[in-house]
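Colleague: Dropping in coords-v5.pdb, which is PDB, C-alpha atoms:
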```pdb
ATOM      1  CA  MET A   1       0.000   0.000   0.000
ATOM      2  CA  ASP A   2       1.339   3.270  -1.045
ATOM      3  CA  PRO A   3       1.534   5.607   1.860
ATOM      4  CA  LYS A   4       1.022   8.513  -0.528
ATOM      5  CA  ASP A   5      -2.226   7.183  -1.599
ATOM      6  CA  PRO A   6      -4.747   8.705   0.798
ATOM      7  CA  LYS A   7      -7.466   6.373  -0.216
ATOM      8  CA  ASP A   8      -8.100   3.092   1.478
ATOM      9  CA  PRO A   9      -7.450   0.018  -0.637
ATOM     10  CA  ARG A  10     -11.068  -0.887  -0.086
ATOM     11  CA  ASP A  11     -11.968   2.064  -2.070
ATOM     12  CA  ARG A  12     -10.529   0.417  -5.103
ATOM     13  CA  GLU A  13     -13.034  -2.306  -4.937
ATOM     14  CA  ASN A  14     -15.729  -2.489  -7.542
ATOM     15  CA  PRO A  15     -18.378   0.044  -6.728
ATOM     16  CA  VAL A  16     -21.045  -2.405  -7.817
ATOM     17  CA  ASP A  17     -19.979  -4.600  -4.971
ATOM     18  CA  ARG A  18     -20.700  -1.772  -2.642
ATOM     19  CA  GLY A  19     -24.153  -1.153  -4.123
ATOM     20  CA  GLU A  20     -23.084   2.056  -5.773
ATOM     21  CA  ARG A  21     -23.986   3.146  -9.302
ATOM     22  CA  PRO A  22     -20.960   3.074 -11.574
ATOM     23  CA  GLU A  23     -19.944   6.289 -13.209
ATOM     24  CA  PRO A  24     -20.641   6.222 -16.961
ATOM     25  CA  HIS A  25     -17.661   6.117 -19.214
ATOM     26  CA  PHE A  26     -19.161   8.507 -21.749
ATOM     27  CA  ARG A  27     -21.380  11.630 -21.774
ATOM     28  CA  ARG A  28     -23.573  13.176 -24.408
ATOM     29  CA  GLU A  29     -21.932  15.991 -26.187
ATOM     30  CA  LEU A  30     -24.126  19.049 -26.450
ATOM     31  CA  PRO A  31     -23.779  21.207 -29.517
ATOM     32  CA  ALA A  32     -21.690  24.172 -29.073
ATOM     33  CA  GLU A  33     -23.398  27.486 -28.794
ATOM     34  CA  VAL A  34     -23.960  29.184 -32.078
ATOM     35  CA  PRO A  35     -22.306  32.500 -32.265
ATOM     36  CA  ALA A  36     -24.611  35.504 -32.352
ATOM     37  CA  GLU A  37     -23.308  36.592 -35.740
ATOM     38  CA  GLN A  38     -24.153  33.266 -37.324
ATOM     39  CA  ALA A  39     -27.644  33.219 -35.771
ATOM     40  CA  GLY A  40     -28.341  36.663 -37.161
ATOM     41  CA  ALA A  41     -27.171  35.575 -40.594
ATOM     42  CA  ASP A  42     -29.449  32.539 -40.483
ATOM     43  CA  ARG A  43     -32.465  34.670 -39.572
ATOM     44  CA  GLY A  44     -31.664  37.062 -42.387
ATOM     45  CA  ALA A  45     -31.478  34.225 -44.892
ATOM     46  CA  ALA A  46     -34.868  32.868 -43.715
ATOM     47  CA  ALA A  47     -36.438  36.309 -44.020
ATOM     48  CA  ALA A  48     -35.004  36.677 -47.476
ATOM     49  CA  GLU A  49     -36.488  33.353 -48.502
ATOM     50  CA  SER A  50     -39.974  34.295 -47.154
ATOM     51  CA  ALA A  51     -39.976  37.771 -48.739
ATOM     52  CA  PRO A  52     -41.665  38.033 -52.167
ATOM     53  CA  ASP A  53     -39.434  37.973 -55.118
ATOM     54  CA  PRO A  54     -39.183  41.464 -56.585
ATOM     55  CA  GLY A  55     -38.852  39.950 -60.015
ATOM     56  CA  ALA A  56     -42.004  37.879 -59.610
ATOM     57  CA  GLN A  57     -45.059  39.286 -61.350
ATOM     58  CA  ALA A  58     -47.989  40.513 -59.261
ATOM     59  CA  PRO A  59     -51.462  38.964 -59.827
ATOM     60  CA  HIS A  60     -53.007  40.331 -62.936
ATOM     61  CA  ALA A  61     -55.773  42.909 -62.556
ATOM     62  CA  PRO A  62     -59.048  42.183 -64.387
ATOM     63  CA  ASP A  63     -58.473  42.347 -68.028
ATOM     64  CA  GLU A  64     -60.147  45.540 -69.193
ATOM     65  CA  SER A  65     -60.243  44.313 -72.750
ATOM     66  CA  GLY A  66     -62.081  41.146 -71.637
ATOM     67  CA  ARG A  67     -64.708  43.259 -69.855
ATOM     68  CA  ARG A  68     -65.229  45.335 -72.938
ATOM     69  CA  ARG A  69     -65.671  42.189 -75.000
ATOM     70  CA  LEU A  70     -68.294  40.950 -72.511
ATOM     71  CA  LEU A  71     -70.225  44.232 -72.687
ATOM     72  CA  SER A  72     -70.064  44.280 -76.458
ATOM     73  CA  SER A  73     -71.488  40.742 -76.552
ATOM     74  CA  LEU A  74     -74.426  41.754 -74.312
ATOM     75  CA  TRP A  75     -75.318  45.085 -75.929
ATOM     76  CA  PRO A  76     -76.818  45.679 -78.323
ATOM     77  CA  PRO A  77     -78.849  42.484 -77.786
ATOM     78  CA  ARG A  78     -78.972  40.013 -80.617
ATOM     79  CA  VAL A  79     -82.449  38.456 -80.695
ATOM     80  CA  SER A  80     -83.110  35.377 -82.715
ATOM     81  CA  ARG A  81     -86.429  34.595 -84.355
ATOM     82  CA  ALA A  82     -87.248  31.886 -81.799
ATOM     83  CA  GLN A  83     -86.576  34.257 -78.896
ATOM     84  CA  LEU A  84     -88.775  36.908 -80.505
ATOM     85  CA  ILE A  85     -91.657  34.435 -80.909
ATOM     86  CA  VAL A  86     -91.335  33.329 -77.262
ATOM     87  CA  ALA A  87     -91.343  36.968 -76.121
ATOM     88  CA  VAL A  88     -94.503  37.707 -78.105
ATOM     89  CA  LEU A  89     -96.251  34.644 -76.669
ATOM     90  CA  LEU A  90     -95.274  35.595 -73.108
ATOM     91  CA  ALA A  91     -96.512  39.151 -73.674
ATOM     92  CA  GLY A  92     -99.854  37.820 -74.920
ATOM     93  CA  LEU A  93    -100.124  35.521 -71.920
ATOM     94  CA  GLY A  94     -99.433  38.398 -69.523
ATOM     95  CA  PHE A  95    -102.016  40.582 -71.260
ATOM     96  CA  GLY A  96    -104.623  37.818 -70.972
ATOM     97  CA  LEU A  97    -103.893  37.345 -67.270
ATOM     98  CA  ALA A  98    -104.204  41.097 -66.688
ATOM     99  CA  ILE A  99    -107.609  41.150 -68.400
ATOM    100  CA  GLN A 100    -108.739  38.154 -66.363
ATOM    101  CA  VAL A 101    -107.656  39.801 -63.094
ATOM    102  CA  ALA A 102    -109.425  43.026 -64.102
ATOM    103  CA  SER A 103    -112.622  41.178 -64.951
ATOM    104  CA  THR A 104    -112.398  39.309 -61.642
ATOM    105  CA  ASN A 105    -112.039  42.586 -59.766
ATOM    106  CA  ASP A 106    -115.193  43.886 -61.460
ATOM    107  CA  ASN A 107    -117.217  41.391 -59.398
ATOM    108  CA  SER A 108    -115.964  42.900 -56.131
ATOM    109  CA  ALA A 109    -119.443  44.386 -55.498
ATOM    110  CA  LEU A 110    -120.900  40.883 -55.164
ATOM    111  CA  ARG A 111    -118.130  39.688 -52.843
ATOM    112  CA  GLY A 112    -119.403  41.825 -50.003
ATOM    113  CA  ALA A 113    -123.043  40.977 -50.601
ATOM    114  CA  ARG A 114    -125.049  39.140 -48.024
ATOM    115  CA  GLN A 115    -126.052  35.546 -48.482
ATOM    116  CA  GLU A 116    -129.709  36.524 -48.884
ATOM    117  CA  ASP A 117    -128.810  38.929 -51.714
ATOM    118  CA  LEU A 118    -126.736  36.305 -53.507
ATOM    119  CA  VAL A 119    -129.562  33.783 -53.240
ATOM    120  CA  ARG A 120    -131.992  36.355 -54.660
ATOM    121  CA  ILE A 121    -129.640  37.077 -57.582
ATOM    122  CA  LEU A 122    -129.322  33.372 -58.341
ATOM    123  CA  ASP A 123    -133.093  33.012 -58.226
ATOM    124  CA  GLU A 124    -133.432  35.883 -60.665
ATOM    125  CA  LEU A 125    -130.993  34.218 -63.081
ATOM    126  CA  ASP A 126    -132.921  30.979 -62.807
ATOM    127  CA  ASP A 127    -136.157  32.812 -63.565
ATOM    128  CA  ARG A 128    -134.642  34.441 -66.651
ATOM    129  CA  THR A 129    -133.457  31.068 -67.859
ATOM    130  CA  GLN A 130    -136.908  29.646 -67.313
ATOM    131  CA  ARG A 131    -138.494  32.475 -69.318
ATOM    132  CA  LEU A 132    -136.182  31.793 -72.227
ATOM    133  CA  GLU A 133    -137.002  28.113 -72.064
ATOM    134  CA  ASP A 134    -140.718  28.920 -72.079
ATOM    135  CA  GLU A 135    -140.288  31.192 -75.100
ATOM    136  CA  LYS A 136    -138.376  28.469 -76.891
ATOM    137  CA  GLN A 137    -141.116  25.960 -76.129
ATOM    138  CA  ARG A 138    -143.794  28.348 -77.386
ATOM    139  CA  LEU A 139    -141.978  28.934 -80.672
ATOM    140  CA  GLU A 140    -141.503  25.229 -81.155
ATOM    141  CA  GLU A 141    -145.234  24.721 -80.615
ATOM    142  CA  GLN A 142    -146.008  27.376 -83.224
ATOM    143  CA  ARG A 143    -143.733  25.672 -85.706
ATOM    144  CA  THR A 144    -145.382  22.329 -84.978
ATOM    145  CA  GLY A 145    -148.826  23.888 -85.436
ATOM    146  CA  LEU A 146    -147.850  25.306 -88.808
ATOM    147  CA  GLU A 147    -146.446  22.010 -89.967
ATOM    148  CA  SER A 148    -149.322  19.807 -88.748
ATOM    149  CA  SER A 149    -152.341  22.060 -89.262
ATOM    150  CA  SER A 150    -154.758  20.974 -91.968
ATOM    151  CA  ASN A 151    -155.467  24.573 -92.730
ATOM    152  CA  GLN A 152    -152.073  26.181 -92.584
ATOM    153  CA  ALA A 153    -153.296  29.474 -93.983
ATOM    154  CA  GLU A 154    -155.833  29.932 -91.162
ATOM    155  CA  GLU A 155    -153.291  28.944 -88.562
ATOM    156  CA  ALA A 156    -150.798  31.390 -90.022
ATOM    157  CA  ARG A 157    -153.411  34.180 -89.923
ATOM    158  CA  LYS A 158    -154.134  33.530 -86.243
ATOM    159  CA  GLN A 159    -150.487  33.558 -85.390
ATOM    160  CA  THR A 160    -150.015  36.743 -87.380
ATOM    161  CA  LEU A 161    -152.753  38.506 -85.440
ATOM    162  CA  GLU A 162    -151.284  37.308 -82.150
ATOM    163  CA  LYS A 163    -147.874  38.479 -83.214
ATOM    164  CA  GLU A 164    -149.293  41.865 -84.207
ATOM    165  CA  ARG A 165    -150.821  42.249 -80.747
ATOM    166  CA  GLN A 166    -147.551  41.358 -79.064
ATOM    167  CA  LEU A 167    -145.600  43.767 -81.224
ATOM    168  CA  GLY A 168    -148.196  46.472 -80.521
ATOM    169  CA  VAL A 169    -147.558  46.083 -76.801
ATOM    170  CA  LEU A 170    -143.819  46.340 -77.313
ATOM    171  CA  ALA A 171    -144.165  49.302 -79.689
ATOM    172  CA  GLY A 172    -146.574  51.071 -77.358
ATOM    173  CA  THR A 173    -149.384  51.346 -79.917
ATOM    174  CA  VAL A 174    -151.873  49.325 -77.845
ATOM    175  CA  ALA A 175    -152.700  49.332 -74.139
ATOM    176  CA  ALA A 176    -151.602  46.460 -71.910
ATOM    177  CA  GLU A 177    -152.462  45.049 -68.502
ATOM    178  CA  GLY A 178    -151.140  42.289 -66.304
ATOM    179  CA  PRO A 179    -149.233  41.564 -63.112
ATOM    180  CA  GLY A 180    -146.200  43.679 -62.316
ATOM    181  CA  ILE A 181    -144.880  46.346 -59.965
ATOM    182  CA  THR A 182    -145.162  50.063 -59.327
ATOM    183  CA  VAL A 183    -142.065  52.089 -58.432
ATOM    184  CA  THR A 184    -142.245  55.557 -56.868
ATOM    185  CA  VAL A 185    -139.173  57.800 -56.584
ATOM    186  CA  GLU A 186    -139.524  60.826 -54.276
ATOM    187  CA  ASP A 187    -136.908  63.472 -55.113
ATOM    188  CA  LYS A 188    -137.500  66.391 -52.756
ATOM    189  CA  LYS A 189    -133.937  67.716 -53.066
ATOM    190  CA  GLY A 190    -133.786  67.492 -56.839
ATOM    191  CA  THR A 191    -130.716  65.253 -56.953
ATOM    192  CA  VAL A 192    -132.117  62.550 -59.221
ATOM    193  CA  GLU A 193    -130.841  62.839 -62.775
ATOM    194  CA  ALA A 194    -131.925  61.330 -66.077
ATOM    195  CA  ASP A 195    -129.182  58.696 -66.194
ATOM    196  CA  MET A 196    -130.370  57.243 -62.868
ATOM    197  CA  LEU A 197    -133.899  56.775 -64.220
ATOM    198  CA  LEU A 198    -132.467  55.335 -67.420
ATOM    199  CA  ASP A 199    -130.578  52.757 -65.321
ATOM    200  CA  ALA A 200    -133.893  51.799 -63.738
ATOM    201  CA  VAL A 201    -135.526  51.345 -67.161
ATOM    202  CA  GLN A 202    -132.627  49.215 -68.416
ATOM    203  CA  GLU A 203    -132.651  47.054 -65.285
ATOM    204  CA  LEU A 204    -136.393  46.475 -65.624
ATOM    205  CA  ARG A 205    -136.011  45.506 -69.285
ATOM    206  CA  ALA A 206    -133.250  43.049 -68.406
ATOM    207  CA  ALA A 207    -135.492  41.513 -65.731
ATOM    208  CA  GLY A 208    -138.244  40.818 -68.267
ATOM    209  CA  ALA A 209    -140.481  43.895 -68.213
ATOM    210  CA  GLU A 210    -142.923  43.771 -71.127
ATOM    211  CA  ALA A 211    -144.457  47.256 -70.829
ATOM    212  CA  ILE A 212    -143.226  50.356 -68.961
ATOM    213  CA  GLN A 213    -144.840  53.713 -68.386
ATOM    214  CA  VAL A 214    -143.258  56.680 -66.546
ATOM    215  CA  ASN A 215    -145.526  59.551 -65.445
ATOM    216  CA  GLY A 216    -147.880  59.080 -68.389
ATOM    217  CA  VAL A 217    -145.168  58.530 -71.028
ATOM    218  CA  ARG A 218    -144.894  55.106 -72.678
ATOM    219  CA  VAL A 219    -141.361  53.712 -72.739
ATOM    220  CA  VAL A 220    -140.473  51.894 -75.974
ATOM    221  CA  ALA A 221    -137.341  50.623 -77.669
ATOM    222  CA  ASN A 222    -136.169  54.030 -78.923
ATOM    223  CA  THR A 223    -137.054  55.995 -75.773
ATOM    224  CA  TYR A 224    -134.429  58.446 -74.537
ATOM    225  CA  LEU A 225    -134.128  60.357 -71.260
ATOM    226  CA  SER A 226    -132.353  63.658 -70.654
ATOM    227  CA  ASP A 227    -132.094  66.289 -67.958
ATOM    228  CA  ALA A 228    -134.638  69.050 -68.501
ATOM    229  CA  SER A 229    -133.858  72.727 -68.100
ATOM    230  CA  GLY A 230    -135.131  74.145 -64.839
ATOM    231  CA  GLY A 231    -135.128  70.742 -63.129
ATOM    232  CA  GLY A 232    -136.823  67.468 -63.795
ATOM    233  CA  VAL A 233    -136.300  64.901 -66.529
ATOM    234  CA  SER A 234    -137.365  64.794 -70.168
ATOM    235  CA  VAL A 235    -138.659  61.492 -71.615
ATOM    236  CA  ASP A 236    -138.783  61.534 -75.421
ATOM    237  CA  GLY A 237    -139.069  65.312 -75.248
ATOM    238  CA  ASN A 238    -141.881  65.240 -72.628
ATOM    239  CA  LYS A 239    -140.843  66.950 -69.412
ATOM    240  CA  ILE A 240    -141.819  65.137 -66.213
ATOM    241  CA  LYS A 241    -141.240  66.108 -62.595
ATOM    242  CA  ALA A 242    -140.864  64.269 -59.299
ATOM    243  CA  PRO A 243    -142.260  62.127 -57.911
ATOM    244  CA  TYR A 244    -141.422  59.699 -60.703
ATOM    245  CA  ARG A 245    -143.878  56.790 -60.942
ATOM    246  CA  PHE A 246    -143.127  53.673 -62.947
ATOM    247  CA  ARG A 247    -145.847  51.235 -64.007
ATOM    248  CA  VAL A 248    -144.238  47.999 -65.094
ATOM    249  CA  ILE A 249    -145.863  44.809 -66.395
ATOM    250  CA  GLY A 250    -143.925  41.621 -65.861
ATOM    251  CA  LYS A 251    -143.221  38.928 -63.299
ATOM    252  CA  PRO A 252    -143.035  40.668 -59.891
ATOM    253  CA  GLU A 253    -140.706  38.003 -58.505
ATOM    254  CA  ASP A 254    -138.146  39.027 -61.138
ATOM    255  CA  LEU A 255    -138.693  42.787 -61.362
ATOM    256  CA  ALA A 256    -138.486  43.763 -57.681
ATOM    257  CA  PRO A 257    -135.244  41.879 -56.883
ATOM    258  CA  ALA A 258    -133.620  43.351 -59.985
ATOM    259  CA  LEU A 259    -133.995  46.842 -58.521
ATOM    260  CA  ASN A 260    -132.859  45.839 -55.013
ATOM    261  CA  ILE A 261    -129.611  44.017 -55.811
ATOM    262  CA  PRO A 262    -126.511  45.313 -53.932
ATOM    263  CA  GLY A 263    -125.217  48.400 -55.676
ATOM    264  CA  GLY A 264    -128.302  48.504 -57.902
ATOM    265  CA  VAL A 265    -130.893  51.131 -58.738
ATOM    266  CA  VAL A 266    -132.476  51.501 -55.302
ATOM    267  CA  GLN A 267    -129.167  51.895 -53.474
ATOM    268  CA  THR A 268    -127.921  54.398 -56.051
ATOM    269  CA  LEU A 269    -131.031  56.558 -55.687
ATOM    270  CA  GLU A 270    -130.939  56.346 -51.902
ATOM    271  CA  LYS A 271    -127.345  57.610 -51.941
ATOM    272  CA  GLU A 272    -128.720  60.711 -53.657
ATOM    273  CA  GLN A 273    -131.157  61.099 -50.699
ATOM    274  CA  ALA A 274    -134.147  60.010 -52.771
ATOM    275  CA  VAL A 275    -136.895  57.815 -51.304
ATOM    276  CA  VAL A 276    -137.763  54.727 -53.363
ATOM    277  CA  SER A 277    -140.700  52.387 -52.830
ATOM    278  CA  VAL A 278    -141.352  49.206 -54.819
ATOM    279  CA  GLN A 279    -144.797  47.576 -54.638
ATOM    280  CA  ASP A 280    -145.915  44.266 -56.147
ATOM    281  CA  GLU A 281    -149.245  44.459 -58.002
ATOM    282  CA  GLU A 282    -151.585  41.742 -59.243
ATOM    283  CA  LYS A 283    -152.837  43.998 -62.033
ATOM    284  CA  VAL A 284    -151.009  46.913 -63.608
ATOM    285  CA  VAL A 285    -152.543  48.936 -66.433
ATOM    286  CA  VAL A 286    -150.226  50.604 -68.952
ATOM    287  CA  ASP A 287    -152.503  52.762 -71.082
ATOM    288  CA  ALA A 288    -150.200  55.479 -72.412
ATOM    289  CA  LEU A 289    -149.966  55.032 -76.192
ATOM    290  CA  ARG A 290    -147.438  55.946 -78.827
ATOM    291  CA  PRO A 291    -148.439  56.674 -82.421
ATOM    292  CA  ALA A 292    -147.278  54.182 -84.997
ATOM    293  CA  GLU A 293    -144.405  55.737 -86.874
ATOM    294  CA  GLU A 294    -143.493  54.877 -90.431
ATOM    295  CA  PRO A 295    -139.771  54.143 -90.694
ATOM    296  CA  ASP A 296    -137.831  56.458 -92.964
ATOM    297  CA  TYR A 297    -135.473  53.915 -94.442
ATOM    298  CA  ALA A 298    -136.400  50.367 -93.357
ATOM    299  CA  ARG A 299    -138.765  48.395 -95.591
ATOM    300  CA  SER A 300    -140.226  44.922 -95.161
ATOM    301  CA  SER A 301    -138.381  42.145 -96.880
ATOM    302  CA  SER A 302    -139.599  38.836 -98.257
ATOM    303  CA  ARG A 303    -136.649  37.031 -96.710
TER     304      ARG A 303
END
```
Translate this structure into structure tokens?

Modeller:
Amino acid sequence: MDPKDPKDPRDRENPVDRGERPEPHFRRELPAEVPAEQAGADRGAAAAESAPDPGAQAPHAPDESGRRRLLSSLWPPRVSRAQLIVAVLLAGLGFGLAIQVASTNDNSALRGARQEDLVRILDELDDRTQRLEDEKQRLEEQRTGLESSSNQAEEARKQTLEKERQLGVLAGTVAAEGPGITVTVEDKKGTVEADMLLDAVQELRAAGAEAIQVNGVRVVANTYLSDASGGGVSVDGNKIKAPYRFRVIGKPEDLAPALNIPGGVVQTLEKEQAVVSVQDEEKVVVDALRPAEEPDYARSSSR
């Protein structure tokens, strides 16, 4: 044992034998610190790589010439024959729809009507249809009588006389009587005008009136009404004054409702502060006559 050696010979024993962990014979070498100059150079190179290349071209702006070509292709429009035909058809379809909508809006007065008024209007239409059917049946019977009668000349004479009587009633040359209505219009404020009375006459004709008389003046096919000077109404040149009284021959169930429909004659006159009364009559006499006038131009024809 070397006296200079301060360690005990036991210390030279294997450390494993003593339960100690042996010292490793190697150690991991850490990289040497990078100098500051080199680190700065590396960062500069990375920044240079990420910076855009000055020589590189920037994204192209929208090509102005391409835009002009697009506008020139759109205007002026080039319309082919097929496109023109389709446009005309669509325009016609739109016009038809507009007319249909307008005609639908014209019935707005009936939309707000009460159920009772609508039922009365439908009944009136049914009655008109029935009258036309009756007239058709009567004409067919006349034709059958002419074809089957043994004495066709006598049958034709009877029918001619009957037709003359009917035409006389319509022309106002003969008096007439039958069921109908009387209409009285009180106009104390003088607001009733000729066109309002004319609307009443037209409505009564449409409802099937066969003879009409207003204040002693017979109403016929060529009757005209106008406002008279100084107040009142003129009927075929005959001035009449309020109250205006209508004598009408026809079916009362058709005539009265025709005047009382929503927005009809009675409501129009009442808006003008006139008082209107409609009365059903079992017998109405229309005795005002019109002279038979010879037509100036029309002549009978054999056809």

Colleague: Could you tell me how far atom CA of Val233 of chain A lies from atom CA of Arg247 of chain A, in Å and to one decimal?

Modeller: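 For atom CA of Val233 of chain A relative to atom CA of Arg247 of chain A, the distance reads 16.9 Å.
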
Colleague: Excluding Leu204 of chain A and its own-chain neighbours fewer than 5 positions away, which residues fall within 9 Å of it when counting all atoms listed in the file? Please give them as a PyMOL selection string.

Modeller: chain A and resi 199+209-210+212+248+250+254-256+258-259

Colleague: Identify, on the basis of all atoms listed in the file, every residue whose closest approach to Ser234 of chain A does not exceed 12 Å; exclude the query and any residue fewer than 5 positions from it along the same chain; express the result as a list in words.

Modeller: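 Listed by chain and then number, they are Glu193, Ala194, Asp195, Leu197, Leu198, Val214, Asn215, Val217, Thr223, Tyr224, Leu225, Ser226, Asp227, Ala228, Ser229, Lys239, Ile240, Lys241, Ala242 and Tyr244 of chain A.
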
Colleague: Please compute the atom CA of Thr173 of chain A-atom CA of Arg290 of chain A distance, one decimal, in Å.

Modeller: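 Atom-to-atom, atom CA of Thr173 of chain A and atom CA of Arg290 of chain A are spaced 5.1 Å apart.
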
Colleague: At a cut-off of 6 Å, using all atoms listed in the file, what residues contact segment 273-283 of chain A? Leave out same-chain residues fewer than 2 positions from it and give the result as a VMD selection string.

Modeller: chain A and resid 178 to 187 252 269 to 271

Colleague: Store the residues picked out above in a file with C-alpha atoms, as a JSON list (two decimals), in the coordinates of the input.

Modeller:
```
[["chain", "number", "residue", "atom", "x", "y", "z"],
["A", 178, "GLY", "CA", -151.14, 42.29, -66.30],
["A", 179, "PRO", "CA", -149.23, 41.56, -63.11],
["A", 180, "GLY", "CA", -146.20, 43.68, -62.32],
["A", 181, "ILE", "CA", -144.88, 46.35, -59.96],
["A", 182, "THR", "CA", -145.16, 50.06, -59.33],
["A", 183, "VAL", "CA", -142.06, 52.09, -58.43],
["A", 184, "THR", "CA", -142.24, 55.56, -56.87],
["A", 185, "VAL", "CA", -139.17, 57.80, -56.58],
["A", 186, "GLU", "CA", -139.52, 60.83, -54.28],
["A", 187, "ASP", "CA", -136.91, 63.47, -55.11],
["A", 252, "PRO", "CA", -143.04, 40.67, -59.89],
["A", 269, "LEU", "CA", -131.03, 56.56, -55.69],
["A", 270, "GLU", "CA", -130.94, 56.35, -51.90],
["A", 271, "LYS", "CA", -127.34, 57.61, -51.94]]
```

Colleague: Take the PyMOL selection byres ((chain A and resi 218) around 12), run it mentally on this structure, and tell me the resulting residues as a PDB file with C-alpha atoms, keeping the file's coordinate frame.

Modeller:
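expr.pdb was written with the following content:
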```pdb
ATOM      1  CA  VAL A 169    -147.558  46.083 -76.801  1.00  0.00           C
ATOM      2  CA  LEU A 170    -143.819  46.340 -77.313  1.00  0.00           C
ATOM      3  CA  ALA A 171    -144.165  49.302 -79.689  1.00  0.00           C
ATOM      4  CA  GLY A 172    -146.574  51.071 -77.358  1.00  0.00           C
ATOM      5  CA  THR A 173    -149.384  51.346 -79.917  1.00  0.00           C
ATOM      6  CA  VAL A 174    -151.873  49.325 -77.845  1.00  0.00           C
ATOM      7  CA  ALA A 175    -152.700  49.332 -74.139  1.00  0.00           C
ATOM      8  CA  ALA A 176    -151.602  46.460 -71.910  1.00  0.00           C
ATOM      9  CA  VAL A 201    -135.526  51.345 -67.161  1.00  0.00           C
ATOM     10  CA  GLU A 210    -142.923  43.771 -71.127  1.00  0.00           C
ATOM     11  CA  ALA A 211    -144.457  47.256 -70.829  1.00  0.00           C
ATOM     12  CA  ILE A 212    -143.226  50.356 -68.961  1.00  0.00           C
ATOM     13  CA  GLN A 213    -144.840  53.713 -68.386  1.00  0.00           C
ATOM     14  CA  VAL A 214    -143.258  56.680 -66.546  1.00  0.00           C
ATOM     15  CA  ASN A 215    -145.526  59.551 -65.445  1.00  0.00           C
ATOM     16  CA  GLY A 216    -147.880  59.080 -68.389  1.00  0.00           C
ATOM     17  CA  VAL A 217    -145.168  58.530 -71.028  1.00  0.00           C
ATOM     18  CA  VAL A 219    -141.361  53.712 -72.739  1.00  0.00           C
ATOM     19  CA  VAL A 220    -140.473  51.894 -75.974  1.00  0.00           C
ATOM     20  CA  ALA A 221    -137.341  50.623 -77.669  1.00  0.00           C
ATOM     21  CA  ASN A 222    -136.169  54.030 -78.923  1.00  0.00           C
ATOM     22  CA  THR A 223    -137.054  55.995 -75.773  1.00  0.00           C
ATOM     23  CA  TYR A 224    -134.429  58.446 -74.537  1.00  0.00           C
ATOM     24  CA  VAL A 235    -138.659  61.492 -71.615  1.00  0.00           C
ATOM     25  CA  ASP A 236    -138.783  61.534 -75.421  1.00  0.00           C
ATOM     26  CA  ASN A 238    -141.881  65.240 -72.628  1.00  0.00           C
ATOM     27  CA  ARG A 245    -143.878  56.790 -60.942  1.00  0.00           C
ATOM     28  CA  PHE A 246    -143.127  53.673 -62.947  1.00  0.00           C
ATOM     29  CA  ARG A 247    -145.847  51.235 -64.007  1.00  0.00           C
ATOM     30  CA  VAL A 248    -144.238  47.999 -65.094  1.00  0.00           C
ATOM     31  CA  VAL A 285    -152.543  48.936 -66.433  1.00  0.00           C
ATOM     32  CA  VAL A 286    -150.226  50.604 -68.952  1.00  0.00           C
ATOM     33  CA  ASP A 287    -152.503  52.762 -71.082  1.00  0.00           C
ATOM     34  CA  ALA A 288    -150.200  55.479 -72.412  1.00  0.00           C
ATOM     35  CA  LEU A 289    -149.966  55.032 -76.192  1.00  0.00           C
ATOM     36  CA  ARG A 290    -147.438  55.946 -78.827  1.00  0.00           C
ATOM     37  CA  PRO A 291    -148.439  56.674 -82.421  1.00  0.00           C
TER      38      PRO A 291
END
```

Colleague: Using only C-alpha atoms, find the one residue out of A:Ala200, A:Val284, A:Ala206, A:Val265 that sits nearest to Arg131 of chain A.

Modeller: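 For Arg131 of chain A, the nearest of the candidates is A:Ala206.
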
Colleague: Mind giving me the straight-line distance from atom CA of Asp127 of chain A to atom CA of Leu161 of chain A in Å, one decimal?

Modeller: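 Going from atom CA of Asp127 of chain A over to atom CA of Leu161 of chain A covers 28.0 Å.
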